[in-house]
Every structure is written in structure tokens, then in C-alpha cells.
file target31.txt (compact mmCIF, C-alpha atoms)
# COMPACT_ATOMS: atom_id res chain seq x y z
CA MET S 1 40.73 32.28 37.04
CA ALA S 2 39.26 32.35 33.56
CA GLY S 3 37.74 29.01 32.71
CA LYS S 4 36.89 28.17 36.32
CA VAL S 5 33.25 27.32 37.08
CA LYS S 6 31.61 29.89 39.39
CA TRP S 7 29.07 28.45 41.81
CA VAL S 8 26.49 29.69 44.25
CA THR S 9 23.95 27.98 46.51
CA ASP S 10 21.22 29.03 48.92
CA ILE S 11 21.49 25.70 50.78
CA GLU S 12 24.33 25.75 53.28
CA LYS S 13 25.26 22.07 53.41
CA SER S 14 28.81 20.79 53.77
CA VAL S 15 28.22 17.97 51.28
CA LEU S 16 27.62 20.60 48.57
CA ILE S 17 30.34 23.05 49.52
CA ASN S 18 33.00 20.34 49.94
CA ASN S 19 32.26 18.96 46.48
CA PHE S 20 32.42 22.40 44.89
CA GLU S 21 35.72 23.21 46.58
CA LYS S 22 37.29 19.85 45.68
CA ARG S 23 36.76 20.72 42.03
CA GLY S 24 38.47 24.06 42.39
CA TRP S 25 35.25 25.86 41.49
CA ILE S 26 34.91 29.44 42.69
CA GLN S 27 32.19 30.58 45.05
CA VAL S 28 30.51 33.85 44.14
CA ALA S 29 27.55 35.85 45.43
CA GLU S 30 24.07 35.46 43.96
CA ASN S 31 24.20 38.93 42.38
CA GLU S 32 27.50 38.15 40.62
CA ASP S 33 28.03 36.18 37.43
CA TRP S 34 27.67 32.47 38.15
CA ASN S 35 27.67 29.23 36.13
CA PHE S 36 26.24 26.67 38.56
CA TYR S 37 23.51 27.42 41.07
CA TRP S 38 22.28 24.71 43.45
CA MET S 39 18.87 26.14 44.32
CA SER S 40 16.13 25.41 46.79
CA VAL S 41 12.64 24.73 45.41
CA GLN S 42 11.44 28.19 46.39
CA THR S 43 14.34 29.87 44.58
CA ILE S 44 13.72 27.87 41.41
CA ARG S 45 10.11 29.02 41.47
CA ASN S 46 11.24 32.63 41.68
CA VAL S 47 13.79 32.21 38.88
CA PHE S 48 11.23 30.79 36.46
CA SER S 49 8.35 32.96 37.65
CA VAL S 50 6.76 35.21 35.03
CA GLU S 51 6.89 38.15 37.45
CA THR S 52 10.64 38.01 38.07
CA GLY S 53 11.57 38.18 34.41
CA TYR S 54 14.90 36.45 35.17
CA ARG S 55 16.59 35.03 32.09
CA LEU S 56 19.34 32.44 32.39
CA SER S 57 22.33 32.95 30.11
CA ASP S 58 23.93 30.26 27.97
CA ASP S 59 26.63 29.47 30.53
CA GLN S 60 24.32 28.90 33.52
CA ILE S 61 22.77 25.68 34.81
CA VAL S 62 20.52 24.93 37.80
CA ASN S 63 19.53 21.75 39.63
CA HIS S 64 15.76 21.69 39.03
CA PHE S 65 13.40 21.71 36.08
CA PRO S 66 10.76 24.46 36.40
CA ASN S 67 7.85 22.01 36.82
CA HIS S 68 9.69 19.13 38.50
CA TYR S 69 6.55 18.52 40.56
CA GLU S 70 4.92 16.76 37.58
CA LEU S 71 6.86 13.71 38.76
CA THR S 72 7.61 14.43 42.42
CA ARG S 73 4.08 15.30 43.53
CA LYS S 74 2.20 12.09 44.29
CA ASP S 75 -1.10 12.98 42.59
CA LEU S 76 0.54 14.42 39.47
CA MET S 77 2.84 11.42 39.06
CA VAL S 78 -0.15 9.06 39.01
CA LYS S 79 -2.14 11.40 36.75
CA ASN S 80 0.71 11.55 34.20
CA ILE S 81 1.24 7.78 34.23
CA LYS S 82 -2.49 7.19 33.68
CA ARG S 83 -2.48 9.66 30.80
CA TYR S 84 0.60 7.97 29.31
CA ARG S 85 -1.15 4.59 29.39
CA LYS S 86 -4.25 5.96 27.66
CA GLU S 87 -2.17 7.63 24.94
CA LEU S 88 -0.35 4.38 24.23
CA GLU S 89 -3.71 2.59 24.06
CA LYS S 90 -5.00 5.10 21.50
CA GLU S 91 -1.85 4.60 19.43
CA GLY S 92 -2.36 0.83 19.55
CA SER S 93 1.04 0.38 21.16
CA PRO S 94 1.86 -3.19 22.30
CA LEU S 95 3.11 -1.65 25.55
CA ALA S 96 -0.50 -0.93 26.49
CA GLU S 97 -1.58 -4.55 26.07
CA LYS S 98 -3.91 -5.89 28.78
CA ASP S 99 -4.62 -9.39 30.10
CA GLU S 100 -8.02 -11.11 30.33
CA ASN S 101 -8.72 -9.30 33.61
CA GLY S 102 -8.17 -5.88 32.05
CA LYS S 103 -4.80 -5.27 33.75
CA TYR S 104 -1.85 -3.85 31.91
CA ILE S 105 0.74 -6.50 31.18
CA TYR S 106 3.73 -4.16 30.88
CA LEU S 107 2.57 -0.94 32.53
CA ASP S 108 1.07 -2.27 35.76
CA PHE S 109 3.75 -0.89 38.05
CA VAL S 110 1.79 1.62 40.16
CA PRO S 111 -0.73 0.45 42.80
CA VAL S 112 -4.39 1.34 42.11
CA THR S 113 -4.62 4.99 43.20
CA PHE S 114 -7.30 7.67 43.51
CA MET S 115 -7.22 11.35 44.43
CA LEU S 116 -9.30 12.56 47.35
CA PRO S 117 -11.64 14.28 47.57
CA ALA S 118 -12.02 14.43 43.75
CA ASP S 119 -12.19 10.65 43.11
CA TYR S 120 -14.10 9.65 46.24
CA ASN S 121 -16.99 7.98 44.38
CA LEU S 122 -14.59 6.04 42.14
CA PHE S 123 -12.66 4.91 45.21
CA VAL S 124 -15.82 3.69 46.97
CA GLU S 125 -16.78 1.68 43.88
CA GLU S 126 -13.32 0.04 43.81
CA PHE S 127 -13.27 -0.53 47.58
CA ARG S 128 -16.57 -2.41 47.51
CA LYS S 129 -15.15 -4.90 45.00
CA ASN S 130 -12.83 -6.11 47.75
CA PRO S 131 -14.04 -4.87 51.18
CA SER S 132 -11.26 -6.71 53.03
CA SER S 133 -8.48 -4.76 51.28
CA THR S 134 -6.19 -2.28 53.02
CA TRP S 135 -5.49 1.19 51.61
CA ILE S 136 -2.87 3.80 52.43
CA MET S 137 -3.58 7.54 52.46
CA LYS S 138 -0.88 10.13 51.83
CA PRO S 139 -1.04 13.93 51.61
CA CYS S 140 0.09 15.05 48.15
CA GLY S 141 2.37 17.82 49.29
CA LYS S 142 4.18 16.33 52.29
CA ALA S 143 7.21 14.10 52.79
CA GLN S 144 9.03 12.06 55.46
CA GLY S 145 5.92 10.04 56.31
CA LYS S 146 3.95 13.03 57.58
CA GLY S 147 0.18 12.66 57.50
CA ILE S 148 0.21 9.04 56.28
CA PHE S 149 -2.19 6.45 57.67
CA LEU S 150 -3.77 3.11 56.71
CA ILE S 151 -7.46 2.27 56.48
CA ASN S 152 -9.55 -0.85 55.88
CA LYS S 153 -13.05 0.59 56.39
CA LEU S 154 -15.02 3.30 54.61
CA SER S 155 -16.02 4.72 57.98
CA GLN S 156 -12.38 5.66 58.54
CA ILE S 157 -12.48 7.83 55.43
CA LYS S 158 -15.59 9.57 56.69
CA LYS S 159 -13.93 10.18 60.05
CA TRP S 160 -10.91 11.66 58.27
CA SER S 161 -13.28 13.91 56.34
CA ARG S 162 -14.96 15.15 59.51
CA ASP S 163 -11.65 15.67 61.28
CA SER S 164 -10.39 17.78 58.39
CA LYS S 165 -13.61 19.85 58.51
CA THR S 166 -14.75 18.89 55.04
CA SER S 167 -18.49 18.86 54.58
CA SER S 168 -18.67 17.01 51.29
CA PHE S 169 -16.50 14.87 49.05
CA VAL S 170 -18.29 16.18 45.98
CA SER S 171 -17.34 19.84 46.29
CA GLN S 172 -13.72 20.84 45.82
CA SER S 173 -12.81 22.51 49.09
CA SER S 174 -9.63 24.18 50.13
CA LYS S 175 -8.67 21.17 52.20
CA GLU S 176 -5.38 19.41 51.50
CA ALA S 177 -5.48 16.88 48.67
CA TYR S 178 -4.63 13.24 49.39
CA VAL S 179 -3.91 10.19 47.32
CA ILE S 180 -5.27 6.83 48.44
CA SER S 181 -3.55 3.71 47.09
CA LEU S 182 -4.09 0.02 47.42
CA TYR S 183 -1.64 -1.09 50.09
CA ILE S 184 0.95 -3.69 49.08
CA ASN S 185 0.13 -6.11 51.89
CA ASN S 186 2.44 -8.88 50.67
CA PRO S 187 5.84 -7.15 50.66
CA LEU S 188 9.06 -9.10 50.32
CA LEU S 189 10.46 -9.49 53.84
CA ILE S 190 14.05 -9.87 54.97
CA GLY S 191 14.47 -10.94 58.54
CA GLY S 192 10.69 -10.62 58.85
CA LYS S 193 10.85 -6.86 58.21
CA LYS S 194 9.43 -4.73 55.43
CA PHE S 195 11.77 -2.59 53.34
CA ASP S 196 11.80 -0.43 50.23
CA LEU S 197 14.47 0.65 47.74
CA ARG S 198 15.68 4.20 47.28
CA LEU S 199 17.32 4.61 43.88
CA TYR S 200 18.71 7.86 42.49
CA VAL S 201 18.30 8.85 38.85
CA LEU S 202 19.83 11.91 37.20
CA VAL S 203 18.01 13.40 34.20
CA SER S 204 20.01 15.83 32.05
CA THR S 205 17.32 16.30 29.40
CA TYR S 206 13.81 15.02 28.68
CA ARG S 207 13.79 15.62 24.94
CA PRO S 208 15.63 13.51 24.03
CA LEU S 209 15.41 11.58 27.28
CA ARG S 210 18.86 11.10 28.79
CA CYS S 211 19.14 9.65 32.28
CA TYR S 212 21.76 8.07 34.53
CA MET S 213 21.29 5.73 37.46
CA TYR S 214 23.42 6.01 40.57
CA LYS S 215 24.64 2.51 41.42
CA LEU S 216 24.90 2.99 45.19
CA GLY S 217 21.22 2.97 46.07
CA PHE S 218 20.03 1.51 49.34
CA CYS S 219 17.21 -0.31 51.13
CA ARG S 220 15.37 1.21 54.10
CA PHE S 221 14.08 -1.23 56.71
CA CYS S 222 11.33 -0.98 59.28
CA THR S 223 12.42 -1.56 62.88
CA VAL S 224 9.48 -3.81 63.79
CA LYS S 225 8.66 -7.12 62.10
CA TYR S 226 5.88 -6.94 59.54
CA THR S 227 2.39 -8.29 60.14
CA PRO S 228 -0.72 -7.81 57.98
CA SER S 229 -2.86 -7.92 61.11
CA THR S 230 -5.46 -5.16 61.23
CA SER S 231 -4.58 -4.58 64.88
CA GLU S 232 -1.24 -3.13 63.75
CA LEU S 233 -2.55 -0.75 61.07
CA ASP S 234 -1.72 2.25 63.25
CA ASN S 235 1.83 1.08 63.99
CA MET S 236 3.96 3.09 61.56
CA PHE S 237 7.13 1.28 62.72
CA VAL S 238 5.67 -1.80 60.99
CA HIS S 239 4.48 -0.19 57.75
CA LEU S 240 6.50 2.95 56.89
CA THR S 241 10.17 2.74 55.96
CA ASN S 242 10.84 6.49 56.20
CA VAL S 243 13.96 7.15 58.27
CA ALA S 244 12.22 10.22 59.74
CA ILE S 245 9.73 7.77 61.29
CA GLN S 246 11.96 4.81 62.08
CA LYS S 247 14.71 6.77 63.85
CA HIS S 248 12.29 7.33 66.74
CA GLY S 249 11.75 3.58 67.23
CA ASP S 250 13.22 1.75 70.22
CA ASP S 251 15.00 -0.76 67.97
CA TYR S 252 16.51 1.78 65.57
CA ASN S 253 20.22 1.14 64.91
CA HIS S 254 22.21 4.37 64.65
CA ILE S 255 25.26 2.58 63.25
CA HIS S 256 23.77 1.39 59.98
CA GLY S 257 20.59 3.47 60.13
CA GLY S 258 18.36 0.53 59.26
CA LYS S 259 19.77 0.53 55.73
CA TRP S 260 21.30 -1.93 53.33
CA THR S 261 23.12 -1.17 50.09
CA VAL S 262 21.52 -2.37 46.86
CA SER S 263 24.60 -4.52 46.22
CA ASN S 264 23.91 -6.38 49.48
CA LEU S 265 20.28 -6.84 48.43
CA ARG S 266 21.41 -8.29 45.10
CA LEU S 267 23.73 -10.73 46.84
CA TYR S 268 20.93 -11.81 49.18
CA LEU S 269 18.44 -12.32 46.33
CA GLU S 270 20.96 -14.14 44.14
CA SER S 271 21.69 -16.56 46.98
CA THR S 272 18.02 -17.14 47.89
CA ARG S 273 16.19 -16.75 44.56
CA GLY S 274 18.88 -17.20 41.93
CA LYS S 275 20.85 -14.85 39.70
CA GLU S 276 18.52 -15.03 36.71
CA VAL S 277 15.46 -14.07 38.76
CA THR S 278 17.39 -11.26 40.44
CA ASN S 279 18.58 -9.84 37.11
CA LYS S 280 15.02 -9.94 35.83
CA LEU S 281 13.82 -8.01 38.90
CA PHE S 282 16.34 -5.22 38.41
CA ASP S 283 15.63 -5.09 34.67
CA GLU S 284 11.97 -4.52 35.58
CA ILE S 285 12.93 -1.76 38.01
CA HIS S 286 14.93 -0.01 35.29
CA TRP S 287 11.96 -0.42 32.95
CA ILE S 288 9.68 1.25 35.52
CA ILE S 289 12.04 4.21 35.88
CA VAL S 290 12.29 4.78 32.13
CA GLN S 291 8.54 4.49 31.60
CA SER S 292 7.78 6.93 34.43
CA LEU S 293 10.18 9.46 32.90
CA LYS S 294 8.62 8.98 29.46
CA ALA S 295 5.20 9.54 31.06
CA VAL S 296 6.12 13.04 32.26
CA ALA S 297 8.40 14.02 29.35
CA PRO S 298 5.58 15.58 27.23
CA VAL S 299 4.49 17.91 30.06
CA MET S 300 7.93 18.69 31.46
CA ASN S 301 9.37 22.11 30.71
CA ASN S 302 12.62 20.86 29.21
CA ASP S 303 14.71 23.95 29.84
CA LYS S 304 18.25 23.48 28.52
CA HIS S 305 19.71 25.08 31.67
CA CYS S 306 18.29 22.42 33.99
CA PHE S 307 19.01 18.96 35.29
CA GLU S 308 17.33 16.96 38.07
CA CYS S 309 18.22 14.16 40.45
CA TYR S 310 15.20 12.11 41.55
CA GLY S 311 14.87 9.66 44.42
CA TYR S 312 12.76 6.65 43.38
CA ASP S 313 10.98 4.64 46.08
CA ILE S 314 10.33 1.05 45.00
CA ILE S 315 8.65 -1.75 46.96
CA ILE S 316 9.14 -5.40 45.97
CA ASP S 317 6.35 -7.84 46.78
CA ASP S 318 6.81 -11.49 47.75
CA LYS S 319 6.42 -12.52 44.09
CA LEU S 320 9.41 -10.28 43.24
CA LYS S 321 7.24 -7.79 41.40
CA PRO S 322 8.49 -4.21 41.81
CA TRP S 323 6.04 -1.36 42.46
CA LEU S 324 6.69 2.34 42.03
CA ILE S 325 5.46 4.04 45.20
CA GLU S 326 6.59 7.61 44.62
CA VAL S 327 9.39 9.79 43.28
CA LYS S 328 11.04 12.26 45.62
CA LEU S 329 12.64 15.59 44.88
CA HIS S 330 16.32 15.18 45.67
CA LYS S 331 17.07 16.97 48.92
CA ILE S 332 19.98 16.87 51.32
CA PRO S 333 18.83 15.12 54.50
CA GLU S 334 20.85 14.85 57.66
CA GLU S 335 22.37 11.39 57.43
CA THR S 336 21.79 9.25 60.52
CA SER S 337 24.65 6.79 59.99
CA PHE S 338 28.31 7.34 59.09
CA SER S 339 28.54 4.67 56.40
CA PHE S 340 25.62 6.12 54.45
CA HIS S 341 26.95 9.65 54.96
CA ARG S 342 29.90 8.56 52.82
CA ILE S 343 27.50 7.24 50.18
CA LYS S 344 25.75 10.60 50.19
CA LEU S 345 29.08 12.37 49.62
CA SER S 346 29.83 10.01 46.75
CA ARG S 347 26.37 10.60 45.25
CA PHE S 348 26.88 14.35 45.06
CA GLN S 349 30.35 13.85 43.65
CA CYS S 350 28.84 11.74 40.86
CA ILE S 351 26.12 14.31 40.20
CA PHE S 352 28.70 17.05 39.68
CA GLU S 353 30.92 14.79 37.57
CA THR S 354 28.04 13.78 35.31
CA VAL S 355 26.66 17.30 34.94
CA SER S 356 30.18 18.58 34.18
CA PHE S 357 30.81 15.89 31.56
CA VAL S 358 27.38 16.28 29.94
CA PRO S 359 27.04 20.09 29.94
CA GLN S 360 23.67 21.53 29.03
CA VAL S 361 24.82 24.84 27.63
CA SER S 362 27.34 26.01 25.09
CA GLY S 363 29.09 28.54 27.34
CA LEU S 364 29.84 26.03 30.06
CA ARG S 365 30.88 23.53 27.42
CA LYS S 366 33.63 25.89 26.28
CA MET S 367 34.89 26.32 29.81
CA LEU S 368 35.07 22.56 30.25
CA GLU S 369 36.14 21.62 26.73
CA SER S 370 39.65 20.56 27.70
CA LYS S 371 38.22 18.17 30.32
CA ILE S 372 35.51 17.02 27.93
CA GLY S 373 38.08 16.41 25.19
CA HIS S 374 39.99 14.12 27.52
CA VAL S 375 36.84 12.20 28.44
CA MET S 376 35.61 12.00 24.84
CA THR S 377 38.97 10.57 23.79
CA LYS S 378 38.52 7.86 26.42
CA LEU S 379 34.96 7.24 25.28
CA ALA S 380 36.05 7.06 21.65
CA CYS S 381 38.69 4.47 22.53
CA ALA S 382 36.14 2.57 24.58
CA PHE S 383 33.68 2.67 21.68
CA VAL S 384 36.27 1.33 19.23
CA SER S 385 37.07 -1.43 21.71
CA TYR S 386 33.36 -2.06 22.08
CA LEU S 387 32.85 -2.42 18.31
CA PHE S 388 35.80 -4.79 18.22
CA GLY S 389 34.21 -6.75 21.07
CA VAL S 390 30.87 -6.97 19.28
CA SER S 391 32.63 -8.23 16.15
CA ILE S 392 34.30 -10.94 18.22
CA CYS S 393 30.92 -11.75 19.79
CA LEU S 394 29.31 -12.22 16.41
CA TRP S 395 32.21 -14.35 15.18
CA LEU S 396 32.21 -16.46 18.33
CA SER S 397 28.45 -16.84 18.17
CA VAL S 398 28.86 -18.83 14.97
CA LEU S 399 31.43 -21.07 16.61
CA SER S 400 29.42 -21.47 19.79
CA PHE S 401 26.27 -22.20 17.79
CA ARG S 402 28.05 -25.04 16.04
CA SER S 403 29.68 -26.47 19.13
CA SER S 404 26.91 -25.61 21.63
CA ALA S 405 29.63 -24.14 23.82
CA SER S 406 29.05 -21.24 26.21
CA ILE S 407 31.76 -18.58 26.28
CA GLN S 408 32.02 -15.54 28.54
CA LEU S 409 34.25 -12.63 27.60
CA ASP S 410 35.14 -9.81 29.98
CA PHE S 411 35.90 -6.44 28.48
CA ARG S 412 35.03 -3.17 30.25
CA GLY S 413 31.47 -4.40 30.29
CA SER S 414 30.50 -8.07 30.31
CA LEU S 415 29.74 -9.62 26.93
CA ASN S 416 28.02 -12.98 27.26
CA VAL S 417 28.09 -15.20 24.17
CA SER S 418 26.08 -18.42 24.13
CA SER S 419 24.61 -20.74 21.51
CA ALA S 420 21.57 -18.50 21.24
CA ILE S 421 22.84 -14.92 21.59
CA ARG S 422 20.03 -12.62 22.73
CA TYR S 423 21.84 -9.42 23.49
CA CYS S 424 25.15 -7.81 24.12
CA ILE S 425 25.56 -5.24 26.87
CA SER S 426 28.17 -2.53 26.96
CA SER S 427 28.48 -0.31 30.01
CA TRP S 428 30.62 2.74 30.22
CA LYS S 429 31.21 4.81 33.28
CA ILE S 430 31.40 8.57 33.54
CA GLY S 431 33.35 10.39 36.25
CA THR S 432 33.83 8.17 39.29
CA GLY S 433 31.92 5.40 37.60
CA SER S 434 28.92 5.36 39.90
CA MET S 435 26.59 6.99 37.41
CA GLU S 436 26.30 4.22 34.85
CA ARG S 437 24.57 4.23 31.51
CA ASN S 438 23.65 0.89 29.94
CA ILE S 439 23.12 0.34 26.22
CA LYS S 440 21.49 -2.89 25.06
CA LEU S 441 21.95 -3.99 21.49
CA LYS S 442 19.53 -6.76 20.53
CA PHE S 443 20.48 -9.32 17.89
call {"tool": "encode", "arguments": {"input": "target31.txt", "output": "C-alpha cells"}}
result
Amino acid sequence: MAGKVKWVTDIEKSVLINNFEKRGWIQVAENEDWNFYWMSVQTIRNVFSVETGYRLSDDQIVNHFPNHYELTRKDLMVKNIKRYRKELEKEGSPLAEKDENGKYIYLDFVPVTFMLPADYNLFVEEFRKNPSSTWIMKPCGKAQGKGIFLINKLSQIKKWSRDSKTSSFVSQSSKEAYVISLYINNPLLIGGKKFDLRLYVLVSTYRPLRCYMYKLGFCRFCTVKYTPSTSELDNMFVHLTNVAIQKHGDDYNHIHGGKWTVSNLRLYLESTRGKEVTNKLFDEIHWIIVQSLKAVAPVMNNDKHCFECYGYDIIIDDKLKPWLIEVKLHKIPEETSFSFHRIKLSRFQCIFETVSFVPQVSGLRKMLESKIGHVMTKLACAFVSYLFGVSICLWLSVLSFRSSASIQLDFRGSLNVSSAIRYCISSWKIGTGSMERNIKLKF
């Protein structure tokens, strides 16, 4: 039994337990020695609370960072991204460059957002610049579409204030905080319906930042065709993609759950918009994810015992511009369709594989060193092959430059060599291959 990972969880879900058991890991009680603890949010608060005085040992890892809410709480996410922009401006970074209208060229990926009641006056000032605009209000601390509604008049804000028994927007009351964001009223539609993307990103450390993207993300569709008509502002089946909302609709499909895989979306976009445009879109989405993580890295408690899997919600507008809507804490929902239940199982399998192969702590590393050695040998061989491939790329680039020929080579990743080589991409896969890390080398 020595060398086996000992696990414990306070969330009784079969998707967790099955994955633990498949690995031959040993279940233990919370008061026994454990190596891997899949904790609820409340438990993680208790573990890292000053009052508890609990100290994690070198061979223990948990599934949340202590202050994960810096990214997963709607108001804090926006606050950290705004701070990140200002810091880059002060540094004179080209990333913070603005256009003639004062908009960020590279960092304009979050809709204009204010916190209520704190930013009420700033919101009113912005609203009056474009009185015909539509805004969406969301409670900061809720999920699954609860408490969300759309407005297009200031009087609706005042009614909300009265209904929530708030006497003034100036004073900070005990009432629940909301964010109000400019509504993306020109979303990309497929079959006339609005959708968003849910992408999963695993972060093993913030300093240095190391993250992995799960390839099997999916799209969530509304059940009713989209219309920007003000008469439908209250129809959440038109505007909100949350499954918790849509599953109550008359047209909800329990077979596929109103979902599409990201690979199907790519195929659709490549056939309707072209491959180059589609690749650019997904490059921009990856850029958004990295920048949002860099925005919270300085304030994140980068405990070496922690990792985190985030659920990113992205909306694409009709100009194929991606927008970051929010980042969700990774939970284990009840899946409403069989096909996506299998994807969920695969996602957790990849999480455990990646965490096992990139251990955070020395004690667990020793227990897994035989497995790691096997993987590192594979990676070393892959890296040697990769260097060989790059050498061939550089050599062929000279030939292709002279002959204006275009050559495509397929190794483990795809290396594209043309008369004007811009970059070479090598992808390696860890575990089942669904958590993929991309390295771009620019020439």
C-alpha cells in the first residue's frame, strides 16, 4: 500500500469516486493521513481560516486556491481586470494601447461593467451616452442564472432599488451587490439561437503561471430564437444560456441538452467563415484566458498545495469578437444529457491525470516518481523529436523561400512551413491528451 495516493472528499459524487477508484487510489477518512482532498468551498475556507490553524503537509494537495473568488466572483473579476489594465498603462506597456476612441485595442474583452450600488452615478453617466442601450444585471454571489434580469430604462433600476428595500444608492447598505454590464445585443447566432462557450482551464500555479486547457469544451444554446426586441427582455429562454434555466423550457432537448461540442462549433465556423478566421477567433479566446489569469495572479494566494479548474463563459458576437462574460468555480452539476455526462467523466479524468503528472508538492512527487519518470522519458523523446522537427523547418524554410513552395509537415504537432515562416507550433499531450499545452516559438 505504500506509495498509493490516499484521497478523501466531502462531495459524494460518482464522477469523483469512480475516477479515484480507477487509479487505484485509497479512500481514507478526513481525520486520517491523506494526500488528495477534493473539497467543497466551505471546507476550503475552514482549512485556510486563521482560526482553524490547519497546516497542510508537503504531501497534500487540494482543489481550490484560498482566494479563488478573486476570479470567480463577478465584481472581483472585473475589478482585477481593470486594475491590471491601469498597471500596464502606468508601465507604458504596448498591451495597454488605446484607439482614437479611448478603447483598449488588445484588452477590450470584458463588456463595460459597473458595481451597484457603489458605481451607480458612474453607470448613470455612461447610460445617458447611449439611452437606447440594453444592460444586464447579475447578483455577484449567485450562479445558474438566479437573480439575473435585463433593463433598458433607468426607471427599472430605481424599481429594483425599491424592491430590494434600499433607500439610497450613495450609502453602502447591507443589500446584495450586483454587477451591471452592457448587454451584447449582437451575438453570433446559429439556427437563429444565442449560445455561449463553456471552456475549462486548469491552473496548477500562478507564479509562475502554468495553465492547461481542456479540449472538450461545449456550447450552450437557448431554446428560443433570439430577438433584440424590447418586448422580449423578460424572456430568459431567449437571453440566458444557463442549463438551469433552459431545461425548464418547452423546447428543451433532453438528448443533447441544448449543447454542442467546441469541435462541432469549429467545423461550423470553418465551413461558414473560413479556417483562417476561425483560428484567429480561438487564438483570441486563448489570449483572453491568459490575460484574465495574469490579471488575478498578483492578488492570488499561490499556495503550493493548491490547483484550480475554472469554467470560462465566452460569448461571440456577430463580428466574431469574443467577450469574457464570467469565470465559474468548477462544480459538479447533474448532467442533463448522456453524451455530455461522458464528457464530464473525461474532464475529471484529465484533471486527475494532469494534477498527478504535474505534482505541486515534494512528498507526492516521490510517491509518483516512477510514473513521472515514465512520462518525462516520453516528453524528453518528444522534445528531441521536436528540436529535430524545428531544424528541418528552418532548413526547409530556406528551400521554400527560394522556390515559393508551401510545405506541410505532420509530426506529433503540426509544423507549417511556408515561404514566409511566422511561427512553429508544438503541442504535447499529458495523460489522456485532452489537457493540451501549446508552445509558440516565433521566428
call {"tool": "residues_around", "arguments": {"input": "target31.txt", "residues": "region 266-271 of chain S", "least_positions_apart": "6", "cutoff": "12 Å", "atoms": "all atoms listed in the file", "output": "list in words"}}
result
Leu188, Leu189, Ile190, Gly191, Leu197, Lys215, Leu216, Gly217, Phe218, Cys219, Trp260, Val277, Thr278, Asn279, Lys280, Leu281, Phe282, Ile316, Asp318 and Leu320 of chain S
call {"tool": "atom_distance", "arguments": {"input": "target31.txt", "atom1": "CA of Glu12 (chain S)", "atom2": "CA of Ala29 (chain S)"}}
result
13.2 Å
call {"tool": "residues_around", "arguments": {"input": "target31.txt", "residues": "region 40-51 of chain S", "least_positions_apart": "2", "cutoff": "8 Å", "atoms": "all atoms listed in the file", "output": "short mmCIF file (atom, residue, chain, number, x, y, z; two decimals) with C-alpha atoms, in the coordinates of the input"}}
result
data_model
loop_
_atom_site.label_atom_id
_atom_site.label_comp_id
_atom_site.auth_asym_id
_atom_site.auth_seq_id
_atom_site.Cartn_x
_atom_site.Cartn_y
_atom_site.Cartn_z
CA ASP S 10 21.22 29.03 48.92
CA ILE S 11 21.49 25.70 50.78
CA TRP S 38 22.28 24.71 43.45
CA GLY S 53 11.57 38.18 34.41
CA TYR S 54 14.90 36.45 35.17
CA ARG S 55 16.59 35.03 32.09
CA HIS S 64 15.76 21.69 39.03
CA PRO S 66 10.76 24.46 36.40
#
call {"tool": "residues_around", "arguments": {"input": "target31.txt", "residues": "Lys247 (chain S)", "least_positions_apart": "4", "cutoff": "12 Å", "atoms": "only C-alpha atoms", "output": "list in words"}}
result
Gln144, Arg220, Phe221, Cys222, Thr223, Val224, Met236, Phe237, Leu240, Thr241, Asn242, Val243, Asp251, Tyr252, Asn253, His254, Ile255, His256, Gly257, Gly258, Lys259, Glu334, Glu335, Thr336 and Ser337 of chain S
call {"tool": "atom_distance", "arguments": {"input": "target31.txt", "atom1": "CA of Phe109 (chain S)", "atom2": "CA of Trp287 (chain S)"}}
result
9.7 Å
call {"tool": "closest_residue", "arguments": {"input": "target31.txt", "among": "S:Gly102, S:Pro139, S:Pro228, S:Gly311", "to": "Lys194 (chain S)", "atoms": "only C-alpha atoms"}}
result
S:Pro228
call {"tool": "closest_residue", "arguments": {"input": "target31.txt", "among": "S:Ala143, S:Leu76, S:Val296, S:Ala177", "to": "Pro117 (chain S)", "atoms": "all atoms listed in the file"}}
result
S:Ala177
call {"tool": "residues_around", "arguments": {"input": "target31.txt", "residues": "Thr134 (chain S)", "least_positions_apart": "6", "cutoff": "10 Å", "atoms": "only C-alpha atoms", "output": "list in words"}}
result
Phe127, Leu150, Ile151, Asn152, Lys153, Ser181, Leu182, Tyr183, Ile184, Asn185, Pro228, Thr230 and Leu233 of chain S
call {"tool": "write_last_selection", "arguments": {"input": "target31.txt", "atoms": "C-alpha atoms", "output": "short mmCIF file (atom, residue, chain, number, x, y, z; two decimals), in the coordinates of the input"}}
result
data_model
loop_
_atom_site.label_atom_id
_atom_site.label_comp_id
_atom_site.auth_asym_id
_atom_site.auth_seq_id
_atom_site.Cartn_x
_atom_site.Cartn_y
_atom_site.Cartn_z
CA PHE S 127 -13.27 -0.53 47.58
CA LEU S 150 -3.77 3.11 56.71
CA ILE S 151 -7.46 2.27 56.48
CA ASN S 152 -9.55 -0.85 55.88
CA LYS S 153 -13.05 0.59 56.39
CA SER S 181 -3.55 3.71 47.09
CA LEU S 182 -4.09 0.02 47.42
CA TYR S 183 -1.64 -1.09 50.09
CA ILE S 184 0.95 -3.69 49.08
CA ASN S 185 0.13 -6.11 51.89
CA PRO S 228 -0.72 -7.81 57.98
CA THR S 230 -5.46 -5.16 61.23
CA LEU S 233 -2.55 -0.75 61.07
#
call {"tool": "closest_residue", "arguments": {"input": "target31.txt", "among": "S:Met213, S:Tyr37, S:Thr205, S:Val110", "to": "Ile17 (chain S)", "atoms": "only C-alpha atoms"}}
result
S:Tyr37
call {"tool": "atom_distance", "arguments": {"input": "target31.txt", "atom1": "CA of Ala295 (chain S)", "atom2": "CA of Leu107 (chain S)"}}
result
10.9 Å
call {"tool": "closest_residue", "arguments": {"input": "target31.txt", "among": "S:Val179, S:Cys309, S:Ile61, S:Val238", "to": "Met77 (chain S)", "atoms": "all atoms listed in the file"}}
result
S:Val179
call {"tool": "closest_residue", "arguments": {"input": "target31.txt", "among": "S:Ala297, S:Leu202, S:Val5, S:Cys140", "to": "Arg347 (chain S)", "atoms": "all atoms listed in the file"}}
result
S:Leu202
call {"tool": "closest_residue", "arguments": {"input": "target31.txt", "among": "S:Lys294, S:Lys159, S:His286, S:Lys146", "to": "Leu209 (chain S)", "atoms": "all atoms listed in the file"}}
result
S:Lys294
